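Undergrad: My questions will all concern the structure given below.
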Protein chains: 2
Amino acid sequence: MEKDHSYFLKRAIQLAEEGMDKGDGGPFGAVIVKDGEIIAEASNNVTSFNDPTAHAEVVAIRKACEELKSFQLEGCILYTSCEPCPMCLGAIYWARPEKVYYALNRQDAAKIGFDDQFVYDEIGREMNERKIPFINMMREEGLPVFQKWEAKEDRIDY
Amino acid sequence: MEKDHSYFLKRAIQLAEEGMDKGDGGPFGAVIVKDGEIIAEASNNVTSFNDPTAHAEVVAIRKACEELKSFQLEGCILYTSCEPCPMCLGAIYWARPEKVYYALNRQDAAKIGFDDQFVYDEIGREMNERKIPFINMMREEGLPVFQKWEAKEDRIDY
């Protein structure tokens, strides 16, 4: 059987179910593919790892980067059983895969109690209107560190 | 010296500088405080860990949760040298600390080459207008897994 987009997305859905059944975390799975082969698989591990960042996409990105020994997913495709939440979307942009395929969407997730939409809404809000207060201070004390980065000759950009 | 918000935010800025000087990653640092004491410290480790998700806030959240043996940062305050990017903002909402203090902002970050604003813009875009294509398929095949989650009696909500 040729491995096409349906094959890999089906595998992501299967990982979602397996992880849920094992009690690893929520019903979410992801795989990362390079040159037609899976290089990383993950399911959600938030409650089993005690790690709120252990969403399937983030865990898969970490594993794939470890495999590739790179902080960039050049030429990779991410398949995820559900539309990424804002955290995972951010992680995807920093990892820079070529494309993302997903099955379920954020409305489906909201219906079973995962309120990604709430986080999407908060991101667009002004700091002083957010449910978690974000307080700014000491900007002047931070600036020299950024200036030092700009002047750093051996810095590794990412 | 009493440990106040300035003390902890200064420590986050110090971690940003130390991490950069050691070559761990970009000039970003974060600390997490509970009951007036630091329970986790981190600097950016993207390039040294080969992990695009290893932003200071994410690393600090993971450490603090490990310390607390919990996937929630109840009663904690996060101090970060720079306004969180969308990934870190998402991670913060999932971890649910009480408050966030930050020094530098996203415009400062953009000026030294960290284009958080680009990711903020992409999050608000329709799927078909994004720089990384997001393609939806097989929603129907994913739905039974979500239904199974809803019906799961021993599930751990998060």
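Residue names in the structure tokens use chain letters A, B, ... in the order shown, residue numbers from 1 in each chain, and ligand numbers from 1 in the order shown.
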Step one, run DSSP on the backbone; step two, keep only residues of stretch 11-152 of chain B assigned to helix (DSSP H, G or I); then write them as a PyMOL selection string.
TA: chain B and resi 11-22+46-49+56-68+86-95+106-111+116-123+127-129+139-151
Undergrad: Just the residues within 8 Å of B:Arg106, please, counting only C-alpha atoms, with nothing from its chain fewer than 3 positions along; format it as JSON, numbers by chain.
TA: {"B": [82, 83, 84, 85, 109, 110, 115, 116, 117]}
Undergrad: Go ahead and write the residues just picked, all heavy atoms, as an mmCIF file, in the first residue's frame.
TA:
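Result saved to again.cif:
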```cif
data_model
loop_
_atom_site.group_PDB
_atom_site.id
_atom_site.type_symbol
_atom_site.label_atom_id
_atom_site.label_comp_id
_atom_site.auth_asym_id
_atom_site.auth_seq_id
_atom_site.Cartn_x
_atom_site.Cartn_y
_atom_site.Cartn_z
ATOM 1 N N CYS B 82 10.986 38.721 28.321
ATOM 2 C CA CYS B 82 10.344 39.313 27.135
ATOM 3 C C CYS B 82 8.912 38.792 26.982
ATOM 4 O O CYS B 82 8.634 37.642 27.320
ATOM 5 C CB CYS B 82 11.156 38.978 25.889
ATOM 6 S SG CYS B 82 10.557 39.746 24.376
ATOM 7 N N GLU B 83 8.060 39.615 26.471
ATOM 8 C CA GLU B 83 6.670 39.225 26.198
ATOM 9 C C GLU B 83 6.626 37.862 25.499
ATOM 10 O O GLU B 83 7.342 37.643 24.537
ATOM 11 C CB GLU B 83 6.045 40.282 25.272
ATOM 12 C CG GLU B 83 4.593 40.026 24.947
ATOM 13 C CD GLU B 83 4.045 40.988 23.872
ATOM 14 O OE1 GLU B 83 4.679 42.035 23.595
ATOM 15 O OE2 GLU B 83 2.990 40.670 23.315
ATOM 16 N N PRO B 84 5.811 36.949 25.970
ATOM 17 C CA PRO B 84 5.789 35.603 25.379
ATOM 18 C C PRO B 84 5.327 35.597 23.919
ATOM 19 O O PRO B 84 4.431 36.350 23.542
ATOM 20 C CB PRO B 84 4.763 34.857 26.245
ATOM 21 C CG PRO B 84 4.671 35.634 27.516
ATOM 22 C CD PRO B 84 4.936 37.057 27.143
ATOM 23 N N CYS B 85 5.932 34.740 23.121
ATOM 24 C CA CYS B 85 5.480 34.510 21.744
ATOM 25 C C CYS B 85 4.170 33.716 21.803
ATOM 26 O O CYS B 85 3.792 33.225 22.867
ATOM 27 C CB CYS B 85 6.547 33.753 20.949
ATOM 28 S SG CYS B 85 6.566 31.966 21.249
ATOM 29 N N ALA B 109 11.694 42.477 20.431
ATOM 30 C CA ALA B 109 12.165 41.180 19.924
ATOM 31 C C ALA B 109 12.311 41.220 18.400
ATOM 32 O O ALA B 109 13.294 40.729 17.840
ATOM 33 C CB ALA B 109 11.210 40.065 20.345
ATOM 34 N N ALA B 110 11.333 41.833 17.734
ATOM 35 C CA ALA B 110 11.371 41.927 16.266
ATOM 36 C C ALA B 110 12.618 42.691 15.813
ATOM 37 O O ALA B 110 13.261 42.323 14.827
ATOM 38 C CB ALA B 110 10.111 42.608 15.746
ATOM 39 N N ASP B 115 10.839 37.256 15.069
ATOM 40 C CA ASP B 115 9.626 37.815 14.510
ATOM 41 C C ASP B 115 8.358 37.190 15.086
ATOM 42 O O ASP B 115 7.562 36.579 14.378
ATOM 43 C CB ASP B 115 9.644 37.742 12.986
ATOM 44 C CG ASP B 115 8.751 38.833 12.410
ATOM 45 O OD1 ASP B 115 8.116 39.559 13.198
ATOM 46 O OD2 ASP B 115 8.666 38.937 11.176
ATOM 47 N N ASP B 116 8.179 37.401 16.367
ATOM 48 C CA ASP B 116 6.978 36.911 17.036
ATOM 49 C C ASP B 116 5.724 37.505 16.390
ATOM 50 O O ASP B 116 4.698 36.846 16.289
ATOM 51 C CB ASP B 116 6.976 37.315 18.517
ATOM 52 C CG ASP B 116 8.143 36.708 19.286
ATOM 53 O OD1 ASP B 116 9.147 36.337 18.661
ATOM 54 O OD2 ASP B 116 8.036 36.602 20.515
ATOM 55 N N GLN B 117 5.843 38.761 15.947
ATOM 56 C CA GLN B 117 4.663 39.420 15.382
ATOM 57 C C GLN B 117 4.156 38.664 14.154
ATOM 58 O O GLN B 117 2.955 38.550 13.938
ATOM 59 C CB GLN B 117 4.988 40.875 15.027
ATOM 60 C CG GLN B 117 3.770 41.683 14.587
ATOM 61 C CD GLN B 117 2.685 41.732 15.663
ATOM 62 O OE1 GLN B 117 2.955 42.089 16.801
ATOM 63 N NE2 GLN B 117 1.451 41.365 15.320
#
```
Undergrad: Which residues, written as a short mmCIF file (atom, residue, chain, number, x, y, z; two decimals) with all heavy atoms, in the first residue's frame, have at least one atom at most 10 Å from B:Ile135, with only C-alpha atoms counted and residues fewer than 4 positions away on the same chain left out?
TA:
```
data_model
loop_
_atom_site.label_atom_id
_atom_site.label_comp_id
_atom_site.auth_asym_id
_atom_site.auth_seq_id
_atom_site.Cartn_x
_atom_site.Cartn_y
_atom_site.Cartn_z
N TYR A 79 1.27 15.71 10.36
CA TYR A 79 -0.11 15.24 10.31
C TYR A 79 -0.63 15.21 11.74
O TYR A 79 0.00 14.61 12.62
CB TYR A 79 -0.18 13.83 9.72
CG TYR A 79 0.30 13.76 8.30
CD1 TYR A 79 1.65 13.60 8.01
CD2 TYR A 79 -0.59 13.89 7.23
CE1 TYR A 79 2.12 13.57 6.70
CE2 TYR A 79 -0.14 13.85 5.91
CZ TYR A 79 1.21 13.69 5.66
OH TYR A 79 1.66 13.66 4.37
N GLU A 83 -6.93 20.09 14.56
CA GLU A 83 -6.36 21.42 14.32
C GLU A 83 -5.52 21.86 15.52
O GLU A 83 -5.98 21.79 16.66
CB GLU A 83 -7.52 22.41 14.12
CG GLU A 83 -7.07 23.81 13.81
CD GLU A 83 -8.23 24.82 13.81
OE1 GLU A 83 -9.40 24.42 13.72
OE2 GLU A 83 -7.92 26.03 13.90
N LYS A 99 4.21 21.70 5.48
CA LYS A 99 2.75 21.66 5.41
C LYS A 99 2.19 20.97 6.63
O LYS A 99 2.90 20.20 7.28
CB LYS A 99 2.31 20.82 4.21
CG LYS A 99 2.05 21.58 2.95
CD LYS A 99 1.33 20.69 1.95
CE LYS A 99 2.29 20.07 0.97
NZ LYS A 99 1.64 19.39 -0.16
N VAL A 100 0.92 21.22 6.89
CA VAL A 100 0.24 20.56 8.00
C VAL A 100 -1.09 19.99 7.49
O VAL A 100 -1.85 20.70 6.82
CB VAL A 100 -0.05 21.56 9.15
CG1 VAL A 100 -0.84 20.89 10.27
CG2 VAL A 100 1.25 22.15 9.69
N TYR A 101 -1.35 18.74 7.80
CA TYR A 101 -2.65 18.13 7.52
C TYR A 101 -3.34 17.85 8.84
O TYR A 101 -2.69 17.38 9.78
CB TYR A 101 -2.49 16.81 6.74
CG TYR A 101 -2.13 17.01 5.30
CD1 TYR A 101 -0.82 17.23 4.92
CD2 TYR A 101 -3.11 17.00 4.31
CE1 TYR A 101 -0.48 17.44 3.59
CE2 TYR A 101 -2.79 17.19 2.97
CZ TYR A 101 -1.46 17.42 2.62
OH TYR A 101 -1.15 17.62 1.30
N TYR A 102 -4.63 18.15 8.93
CA TYR A 102 -5.35 17.89 10.17
C TYR A 102 -6.75 17.37 9.86
O TYR A 102 -7.30 17.64 8.78
CB TYR A 102 -5.43 19.16 11.04
CG TYR A 102 -6.28 20.26 10.45
CD1 TYR A 102 -7.59 20.45 10.89
CD2 TYR A 102 -5.78 21.11 9.46
CE1 TYR A 102 -8.39 21.45 10.34
CE2 TYR A 102 -6.57 22.10 8.92
CZ TYR A 102 -7.87 22.27 9.36
OH TYR A 102 -8.66 23.26 8.81
N ALA A 103 -7.33 16.62 10.81
CA ALA A 103 -8.66 16.02 10.59
C ALA A 103 -9.75 16.83 11.32
O ALA A 103 -10.50 17.56 10.70
CB ALA A 103 -8.65 14.57 11.05
N MET B 127 -6.94 29.62 7.28
CA MET B 127 -6.07 28.49 6.92
C MET B 127 -5.44 28.63 5.53
O MET B 127 -4.27 28.37 5.33
CB MET B 127 -6.88 27.19 6.92
CG MET B 127 -7.42 26.82 8.26
SD MET B 127 -6.12 26.23 9.35
CE MET B 127 -7.09 25.86 10.80
N ASN B 128 -6.28 29.04 4.56
CA ASN B 128 -5.80 29.06 3.17
C ASN B 128 -4.97 30.29 2.83
O ASN B 128 -4.48 30.45 1.72
CB ASN B 128 -6.98 28.91 2.20
CG ASN B 128 -8.02 30.00 2.40
OD1 ASN B 128 -7.85 30.87 3.27
ND2 ASN B 128 -9.06 29.99 1.60
#
```
Undergrad: Looking at B:Lys111, B:Arg62, B:Lys152, B:Arg130, which one is nearest to chain A, with distances taken over only C-alpha atoms?
TA: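 Of B:Lys111, B:Arg62, B:Lys152, B:Arg130, the one nearest chain A, counting only C-alpha atoms, is B:Arg62.
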Undergrad: Looking only at strand (DSSP E) from DSSP on the backbone, list the matching residues of stretch 44-134 of chain B as a list in words.
TA: Cys76, Ile77, Leu78, Tyr79, Thr80, Ser81, Cys82, Lys99, Val100, Tyr101, Tyr102, Ala103, Leu104 and Phe134 of chain B
Undergrad: Identify which of the residues A:Leu73, A:Ile132, A:Ala60, A:Val31 lies closest to chain B, counting only C-alpha atoms when measuring atom-to-atom distances.
TA: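 Residue with the minimum atom-to-atom distance to chain B: A:Ile132.
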Undergrad: Check the smallest atom-to-atom distance from each of B:Phe8, B:Ile112, B:Trp94, B:Gln72 to A:Ala151 using only C-alpha atoms, then report the winner.
TA: B:Ile112
Undergrad: Quick check, in Å to one decimal: how far apart do atom CA of A:Val58 and atom CA of A:Trp149 lie?
TA: 27.0 Å
